[in-house]
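The next block is final-v5.tsv, given as TSV, C-alpha atoms and all ligand atoms.
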```
chain	number	residue	atom	x	y	z
A	1	MET	CA	6.86	-11.36	18.67
A	2	ARG	CA	7.09	-8.74	15.89
A	3	GLY	CA	3.89	-6.73	15.44
A	4	VAL	CA	1.92	-8.44	18.24
A	5	THR	CA	0.58	-6.97	21.48
A	6	ASP	CA	-1.62	-8.59	24.11
A	7	ARG	CA	-4.35	-5.93	23.83
A	8	GLY	CA	-7.33	-7.40	22.02
A	9	ALA	CA	-10.66	-9.22	22.27
A	10	THR	CA	-11.42	-11.14	25.45
A	11	SER	CA	-13.61	-14.17	26.15
A	12	ALA	CA	-16.64	-14.01	28.49
A	13	GLY	CA	-14.34	-15.04	31.35
A	14	GLY	CA	-11.96	-12.17	30.55
A	15	ALA	CA	-9.08	-14.29	29.25
A	16	ALA	CA	-7.30	-12.89	26.21
A	17	ILE	CA	-8.32	-14.91	23.18
A	18	VAL	CA	-6.84	-12.82	20.38
A	19	SER	CA	-3.98	-10.31	20.21
A	20	GLU	CA	-3.72	-7.10	18.21
A	21	ARG	CA	-1.56	-7.49	15.11
A	22	THR	CA	-0.06	-5.00	12.72
A	23	PRO	CA	-0.24	-5.31	8.90
A	24	ALA	CA	3.52	-6.01	8.96
A	25	TYR	CA	2.93	-9.15	11.03
A	26	SER	CA	1.14	-10.97	8.21
A	27	ARG	CA	2.51	-9.24	5.10
A	28	VAL	CA	3.36	-11.78	2.37
A	29	THR	CA	5.25	-11.80	-0.93
A	30	LEU	CA	4.83	-14.74	-3.31
A	31	ALA	CA	6.66	-15.28	-6.60
A	32	GLN	CA	6.25	-17.73	-9.43
A	33	ILE	CA	7.18	-18.24	-13.07
A	34	MET	CA	4.19	-18.42	-15.41
A	35	ARG	CA	4.01	-21.59	-17.51
A	36	ALA	CA	2.54	-22.48	-20.91
A	37	THR	CA	-0.24	-24.49	-19.21
A	38	GLU	CA	-1.50	-21.20	-17.74
A	39	ALA	CA	-1.62	-19.42	-21.11
A	40	ASN	CA	-4.41	-18.75	-23.58
A	41	LEU	CA	-4.10	-19.05	-27.37
A	42	LEU	CA	-2.47	-15.59	-27.57
A	43	GLY	CA	0.40	-16.78	-25.37
A	44	THR	CA	-0.61	-14.54	-22.51
A	45	ILE	CA	-1.71	-15.77	-19.10
A	46	HIS	CA	-5.42	-16.32	-18.34
A	47	GLY	CA	-6.89	-13.61	-16.12
A	48	GLY	CA	-8.30	-16.38	-13.93
A	49	GLU	CA	-4.76	-17.60	-13.17
A	50	ILE	CA	-3.83	-14.13	-11.97
A	51	VAL	CA	-6.95	-14.03	-9.78
A	52	LYS	CA	-5.99	-17.45	-8.36
A	53	ILE	CA	-2.47	-16.30	-7.45
A	54	ALA	CA	-3.88	-13.16	-5.82
A	55	ASP	CA	-6.46	-15.24	-3.92
A	56	SER	CA	-3.73	-17.62	-2.68
A	57	THR	CA	-1.73	-14.61	-1.50
A	58	ALA	CA	-4.77	-13.18	0.32
A	59	GLY	CA	-5.45	-16.59	1.92
A	60	THR	CA	-1.85	-16.83	3.16
A	61	VAL	CA	-2.00	-13.30	4.61
A	62	GLY	CA	-5.35	-14.05	6.28
A	63	HIS	CA	-4.11	-17.32	7.75
A	64	ARG	CA	-1.05	-15.56	9.16
A	65	HIS	CA	-3.12	-12.76	10.70
A	66	CYS	CA	-5.56	-15.17	12.38
A	67	GLY	CA	-3.35	-18.19	12.93
A	68	GLY	CA	-6.02	-20.42	11.37
A	69	PRO	CA	-8.08	-21.16	8.25
A	70	VAL	CA	-9.84	-18.43	6.29
A	71	VAL	CA	-12.13	-18.51	3.25
A	72	THR	CA	-12.70	-15.95	0.54
A	73	ALA	CA	-16.07	-14.28	1.10
A	74	ALA	CA	-15.77	-11.66	-1.66
A	75	VAL	CA	-13.38	-10.11	-4.13
A	76	ASP	CA	-13.82	-6.63	-5.56
A	77	GLU	CA	-13.80	-5.87	-9.25
A	78	MET	CA	-10.31	-6.53	-10.65
A	79	VAL	CA	-8.89	-4.46	-13.52
A	80	PHE	CA	-6.04	-5.92	-15.59
A	81	LEU	CA	-3.63	-3.15	-16.54
A	82	ALA	CA	-1.05	-5.15	-18.55
A	83	PRO	CA	-0.74	-8.66	-20.02
A	84	VAL	CA	1.42	-11.34	-18.40
A	85	ARG	CA	3.40	-13.62	-20.73
A	86	VAL	CA	4.64	-17.20	-20.46
A	87	GLY	CA	8.01	-17.12	-18.69
A	88	ASP	CA	7.29	-13.91	-16.79
A	89	LEU	CA	8.09	-13.79	-13.10
A	90	VAL	CA	4.91	-12.80	-11.28
A	91	GLU	CA	5.20	-11.37	-7.77
A	92	THR	CA	2.32	-10.63	-5.42
A	93	PHE	CA	2.43	-8.43	-2.34
A	94	GLY	CA	-0.39	-8.84	0.19
A	95	GLN	CA	-1.32	-7.27	3.50
A	96	VAL	CA	-4.28	-6.80	5.84
A	97	ASN	CA	-5.82	-3.35	5.36
A	98	TRP	CA	-8.79	-3.54	7.72
A	99	VAL	CA	-10.26	-5.97	10.25
A	100	GLY	CA	-13.87	-6.36	11.41
A	101	ARG	CA	-15.16	-8.98	13.86
A	102	THR	CA	-14.70	-12.14	11.78
A	103	SER	CA	-13.68	-10.68	8.42
A	104	MET	CA	-10.75	-8.69	7.09
A	105	GLU	CA	-9.81	-6.91	3.89
A	106	VAL	CA	-6.56	-8.08	2.28
A	107	GLY	CA	-5.07	-5.92	-0.46
A	108	VAL	CA	-2.91	-7.63	-3.09
A	109	ARG	CA	-0.68	-5.95	-5.67
A	110	ILE	CA	0.47	-8.05	-8.64
A	111	GLU	CA	3.60	-7.23	-10.62
A	112	ALA	CA	5.32	-9.01	-13.54
A	113	GLN	CA	8.84	-8.95	-14.91
A	114	SER	CA	10.51	-10.72	-17.82
A	115	TYR	CA	12.38	-13.76	-16.47
A	116	SER	CA	15.06	-13.69	-19.15
A	117	ASP	CA	15.80	-9.97	-18.78
A	118	PRO	CA	16.47	-8.93	-15.17
A	119	GLU	CA	16.93	-5.33	-16.44
A	120	ALA	CA	13.34	-5.24	-17.70
A	121	PRO	CA	11.06	-2.98	-15.68
A	122	ARG	CA	8.53	-4.47	-13.28
A	123	VAL	CA	5.03	-3.92	-14.57
A	124	HIS	CA	1.99	-3.35	-12.35
A	125	VAL	CA	-0.47	-5.95	-13.62
A	126	ALA	CA	-3.40	-5.49	-11.23
A	127	SER	CA	-4.45	-4.77	-7.66
A	128	ALA	CA	-7.23	-6.61	-5.86
A	129	TYR	CA	-9.10	-6.44	-2.56
A	130	PHE	CA	-10.30	-9.66	-0.93
A	131	VAL	CA	-12.68	-10.13	2.01
A	132	MET	CA	-11.40	-13.13	3.97
A	133	VAL	CA	-13.37	-14.72	6.83
A	134	ARG	CA	-11.90	-16.86	9.61
A	135	ILE	CA	-13.89	-20.07	10.09
A	136	ASP	CA	-13.94	-22.82	12.71
A	137	GLU	CA	-14.16	-26.61	12.22
A	138	ASP	CA	-17.89	-26.27	11.46
A	139	ARG	CA	-17.13	-23.56	8.87
A	140	ARG	CA	-18.75	-20.89	11.05
A	141	PRO	CA	-17.22	-17.38	11.22
A	142	VAL	CA	-15.19	-16.72	14.38
A	143	ALA	CA	-13.60	-13.60	15.92
A	144	ILE	CA	-10.16	-12.60	14.66
A	145	PRO	CA	-7.32	-10.50	16.11
A	146	PRO	CA	-7.86	-6.72	15.84
A	147	LEU	CA	-5.56	-4.69	13.59
A	148	ARG	CA	-3.21	-1.99	14.87
A	149	VAL	CA	-2.34	0.50	12.12
A	150	GLU	CA	0.62	2.73	12.89
A	151	THR	CA	2.31	4.00	9.74
A	152	PRO	CA	0.73	6.77	7.60
A	153	THR	CA	0.52	4.37	4.64
A	154	ASP	CA	-1.24	1.69	6.69
A	155	GLN	CA	-3.58	4.35	8.12
A	156	ARG	CA	-4.44	5.51	4.57
A	157	ARG	CA	-5.07	1.92	3.45
A	158	HIS	CA	-7.26	1.38	6.52
A	159	ARG	CA	-9.35	4.50	5.77
A	160	GLU	CA	-9.79	3.48	2.13
A	161	ALA	CA	-10.70	-0.09	3.15
A	162	GLN	CA	-13.44	1.28	5.41
A	163	ILE	CA	-14.92	3.10	2.40
A	164	ARG	CA	-14.84	-0.11	0.30
A	165	ARG	CA	-16.40	-2.06	3.19
A	166	ALA	CA	-19.28	0.45	3.41
A	167	HIS	CA	-19.86	0.16	-0.34
A	168	ARG	CA	-19.83	-3.68	-0.25
A	169	LEU	CA	-22.35	-3.81	2.57
A	170	ALA	CA	-24.59	-1.18	0.95
A	171	ARG	CA	-24.54	-3.03	-2.39
A	172	ARG	CA	-25.35	-6.36	-0.71
A	173	ALA	CA	-28.21	-4.79	1.28
A	174	GLU	CA	-29.61	-3.14	-1.85
A	175	ILE	CA	-29.55	-6.43	-3.78
A	176	GLU	CA	-31.19	-8.31	-0.90
A	177	GLN	CA	-33.84	-5.57	-0.60
A	178	GLY	CA	-34.52	-5.84	-4.33
A	179	ARG	CA	-35.14	-9.57	-3.96
A	180	GLY	CA	-37.71	-8.84	-1.22
A	201	LIG	C1	-17.85	-16.47	4.06
A	201	LIG	C2	-18.88	-17.19	4.94
A	201	LIG	C3	-18.14	-18.06	5.97
A	201	LIG	C4	-19.69	-16.10	5.66
A	201	LIG	O1	-20.67	-16.76	6.40
A	201	LIG	P1	-22.01	-16.01	6.86
A	201	LIG	O2	-22.86	-17.00	7.57
A	201	LIG	O3	-22.55	-15.21	5.74
A	201	LIG	O4	-21.44	-15.06	7.99
A	201	LIG	P2	-21.76	-13.55	8.34
A	201	LIG	O5	-22.94	-12.99	7.63
A	201	LIG	O6	-21.73	-13.50	9.84
A	201	LIG	O7	-20.46	-12.79	7.77
A	201	LIG	C5	-19.19	-13.00	8.37
A	201	LIG	C6	-18.33	-11.80	8.06
A	201	LIG	O8	-18.08	-11.77	6.65
A	201	LIG	C7	-18.50	-10.53	6.13
A	201	LIG	N1	-19.02	-10.78	4.78
A	201	LIG	C8	-19.72	-11.86	4.36
A	201	LIG	N2	-20.04	-11.72	3.07
A	201	LIG	C9	-19.52	-10.52	2.67
A	201	LIG	C10	-19.52	-9.80	1.43
A	201	LIG	N3	-20.13	-10.27	0.35
A	201	LIG	N4	-18.90	-8.60	1.40
A	201	LIG	C11	-18.29	-8.12	2.51
A	201	LIG	N5	-18.25	-8.75	3.69
A	201	LIG	C12	-18.87	-9.94	3.77
A	201	LIG	C13	-19.56	-10.02	7.09
A	201	LIG	O9	-19.69	-8.61	6.99
A	201	LIG	C14	-18.96	-10.47	8.41
A	201	LIG	O10	-17.91	-9.58	8.78
A	201	LIG	P3	-17.62	-9.13	10.30
A	201	LIG	O11	-17.80	-10.32	11.19
A	201	LIG	O12	-16.19	-8.68	10.27
A	201	LIG	O13	-18.57	-8.01	10.60
A	201	LIG	C15	-19.83	-18.10	4.10
A	201	LIG	O14	-20.62	-17.27	3.26
A	201	LIG	C16	-19.07	-19.11	3.26
A	201	LIG	O15	-18.64	-20.14	3.78
A	201	LIG	N6	-18.91	-18.83	1.95
A	201	LIG	C17	-18.15	-19.72	1.08
A	201	LIG	C18	-16.67	-19.37	1.17
A	201	LIG	C19	-15.88	-20.12	0.13
A	201	LIG	O16	-16.08	-21.31	-0.06
A	201	LIG	N7	-14.99	-19.39	-0.57
A	201	LIG	C20	-14.29	-19.88	-1.70
A	201	LIG	C21	-13.22	-20.85	-1.38
A	201	LIG	S1	-12.13	-20.32	-0.10
```

Let me see the structure of the file written as structure tokens.
Amino acid sequence: MRGVTDRGATSAGGAAIVSERTPAYSRVTLAQIMRATEANLLGTIHGGEIVKIADSTAGTVGHRHCGGPVVTAAVDEMVFLAPVRVGDLVETFGQVNWVGRTSMEVGVRIEAQSYSDPEAPRVHVASAYFVMVRIDEDRRPVAIPPLRVETPTDQRRHREAQIRRAHRLARRAEIEQGRG
């Protein structure tokens, strides 16, 4: 299968339980037209709707990578660079950037284009980074397939994701320490 090898984590008995997967294996593109029900009084789309689309994209990528259910554990600060209007075609591009034991970082890029004018330029609306965790039937975190990064772009994304991961963990530890 594309992007899969049988190198990976093993169970206590030595049987392969997860296979290495590349970012390409689970890469996802979603597209949808924005409707009036998703707009605010200015006629532009609520930021929360954009977050929801990005979260759905990250969930789909995570499910593909693991072959099972994932939940959103965290999402980094999201900066909105341009407004999205009713009738715009919104496209999201998501891929796994980094994988830990039970969690992964999924990067999502969101672009918009006027539906009525195919010549209109695509606009970069936002980018977001989600931490997705694979869970079992009891909603407990479980081990996921390792990531194999091969291309220079995927290797850069992996390095940058490691930096974000370190910052997330440091921030969480600092907050917990502050609470005593
Ligand atoms: C996400 C959840 C399963 C984690 O459970 P937990 O008991 O805290 O598990 P752990 O502490 O073992 O963390 C599991 C993994 O998530 C990572 N993680 C958890 N919270 C994180 C955060 N805030 N930032 C970064 N990573 C985080 C851990 O580092 C760990 O990664 P690793 O196994 O790759 O090293 C649990 O907090 C949960 O169910 N949250 C609600 C999820 C939800 O309902 N989301 C919205 C709807 S989908």

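Using only C-alpha atoms for every distance, the candidate list A:Val142, A:Val84, A:Val61, A:Ile53 yields A:Val142 as the residue closest to Arg101 (chain A).
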
Could you list, as a ChimeraX atom specification, all the residues within 6 Å of ligand LIG 201 (chain A), counting only C-alpha atoms and all ligand atoms? /A:71-74,100-103,131,133,140-141,168-169

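Of the listed residues (A:Gln113, A:Gln32, A:Thr153, A:Ser127), A:Ser127 comes nearest to Ala54 (chain A); the distances count all atoms listed in the file.
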
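Distances here use all atoms listed in the file; by that measure, the residue among A:Val106, A:Leu89, A:Ala170, A:Val99 closest to Leu30 (chain A) is A:Leu89.
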
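Shortest separation to Val108 (chain A) among A:Val96, A:Ile175, A:Ala161, A:Ala166 occurs at residue A:Val96, atoms counted being all atoms listed in the file.
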
Box in all listed atoms of region 100-109 of chain A, axis-aligned, with 6 Å more on each side; write out centre and edge lengths in Å to one decimal as JSON.
```
{"center_x": -7.9, "center_y": -9.0, "center_z": 4.1, "size_x": 26.5, "size_y": 18.2, "size_z": 31.5}
```

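Atom to atom, CA of Leu41 (chain A) and CA of Ala128 (chain A) stand 25.0 Å apart.
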
Ref. answer, residues at most 6 Å from (5.2, -12.3, -13.2) with all atoms listed in the file, as a list in words: Asp88, Leu89, Val90, Glu91, Glu111, Ala112 and Gln113 of chain A

Which one of A:Glu160, A:Asp138, A:Glu49, A:Glu176 sits closest to Arg85 (chain A) if you count all atoms listed in the file? A:Glu49

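Nearest to Thr44 (chain A) of all the residues A:Val86, A:Ala58, A:Val75, A:Cys66 is A:Val86, counting all atoms listed in the file.
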
Please supply region 138-149 of chain A, rebuilt with all heavy atoms, as a compact mmCIF listing (two decimals), in the frame of the given file.
```txt
# COMPACT_ATOMS: atom_id res chain seq x y z
N ASP A 138 -16.54 -26.12 12.05
CA ASP A 138 -17.89 -26.27 11.46
C ASP A 138 -18.14 -25.24 10.36
O ASP A 138 -19.28 -25.02 9.97
CB ASP A 138 -18.95 -26.13 12.56
CG ASP A 138 -18.76 -27.18 13.64
OD1 ASP A 138 -18.50 -28.34 13.28
OD2 ASP A 138 -18.83 -26.83 14.84
N ARG A 139 -17.08 -24.59 9.93
CA ARG A 139 -17.13 -23.56 8.87
C ARG A 139 -17.98 -22.35 9.27
O ARG A 139 -18.54 -21.67 8.43
CB ARG A 139 -17.64 -24.16 7.54
CG ARG A 139 -16.73 -25.26 7.00
CD ARG A 139 -17.13 -25.68 5.60
NE ARG A 139 -16.88 -24.65 4.60
CZ ARG A 139 -15.75 -24.52 3.91
NH1 ARG A 139 -14.77 -25.36 4.09
NH2 ARG A 139 -15.61 -23.55 3.02
N ARG A 140 -18.05 -22.09 10.58
CA ARG A 140 -18.75 -20.89 11.05
C ARG A 140 -17.75 -19.78 11.30
O ARG A 140 -16.65 -20.04 11.79
CB ARG A 140 -19.51 -21.19 12.36
CG ARG A 140 -20.82 -21.97 12.14
CD ARG A 140 -21.52 -22.10 13.47
NE ARG A 140 -20.59 -22.63 14.48
CZ ARG A 140 -20.86 -23.68 15.27
NH1 ARG A 140 -22.01 -24.29 15.19
NH2 ARG A 140 -19.97 -24.09 16.16
N PRO A 141 -18.14 -18.50 10.99
CA PRO A 141 -17.22 -17.38 11.22
C PRO A 141 -16.89 -17.22 12.70
O PRO A 141 -17.78 -17.36 13.55
CB PRO A 141 -18.01 -16.16 10.72
CG PRO A 141 -19.07 -16.72 9.82
CD PRO A 141 -19.41 -18.07 10.37
N VAL A 142 -15.62 -16.95 13.00
CA VAL A 142 -15.19 -16.72 14.38
C VAL A 142 -14.35 -15.45 14.48
O VAL A 142 -13.76 -15.00 13.49
CB VAL A 142 -14.38 -17.92 14.96
CG1 VAL A 142 -15.27 -19.09 15.27
CG2 VAL A 142 -13.25 -18.33 14.04
N ALA A 143 -14.29 -14.89 15.69
CA ALA A 143 -13.60 -13.60 15.92
C ALA A 143 -12.11 -13.71 15.59
O ALA A 143 -11.48 -14.75 15.82
CB ALA A 143 -13.79 -13.16 17.36
N ILE A 144 -11.57 -12.61 15.06
CA ILE A 144 -10.16 -12.60 14.66
C ILE A 144 -9.41 -11.48 15.41
O ILE A 144 -10.04 -10.58 15.96
CB ILE A 144 -10.02 -12.41 13.13
CG1 ILE A 144 -10.62 -11.09 12.67
CG2 ILE A 144 -10.65 -13.59 12.41
CD1 ILE A 144 -10.40 -10.82 11.19
N PRO A 145 -8.09 -11.55 15.42
CA PRO A 145 -7.32 -10.50 16.11
C PRO A 145 -7.58 -9.12 15.50
O PRO A 145 -7.64 -8.98 14.28
CB PRO A 145 -5.86 -10.92 15.88
CG PRO A 145 -5.91 -12.38 15.60
CD PRO A 145 -7.21 -12.61 14.88
N PRO A 146 -7.73 -8.09 16.34
CA PRO A 146 -7.86 -6.72 15.84
C PRO A 146 -6.58 -6.28 15.11
O PRO A 146 -5.53 -6.91 15.28
CB PRO A 146 -8.07 -5.88 17.10
CG PRO A 146 -8.40 -6.84 18.18
CD PRO A 146 -7.78 -8.15 17.81
N LEU A 147 -6.71 -5.21 14.35
CA LEU A 147 -5.56 -4.69 13.59
C LEU A 147 -5.07 -3.39 14.23
O LEU A 147 -5.89 -2.53 14.57
CB LEU A 147 -5.98 -4.44 12.14
CG LEU A 147 -4.88 -4.07 11.16
CD1 LEU A 147 -3.98 -5.29 10.88
CD2 LEU A 147 -5.48 -3.58 9.84
N ARG A 148 -3.77 -3.27 14.39
CA ARG A 148 -3.21 -1.99 14.87
C ARG A 148 -2.48 -1.33 13.71
O ARG A 148 -1.50 -1.89 13.20
CB ARG A 148 -2.24 -2.25 16.04
CG ARG A 148 -1.89 -0.96 16.78
CD ARG A 148 -1.02 -1.18 17.98
NE ARG A 148 0.36 -1.44 17.64
CZ ARG A 148 1.00 -2.57 17.83
NH1 ARG A 148 0.38 -3.59 18.40
NH2 ARG A 148 2.26 -2.73 17.50
N VAL A 149 -2.98 -0.18 13.26
CA VAL A 149 -2.34 0.50 12.12
C VAL A 149 -1.54 1.68 12.65
O VAL A 149 -2.08 2.53 13.34
CB VAL A 149 -3.36 0.95 11.05
CG1 VAL A 149 -3.80 -0.22 10.20
CG2 VAL A 149 -4.57 1.63 11.64
```
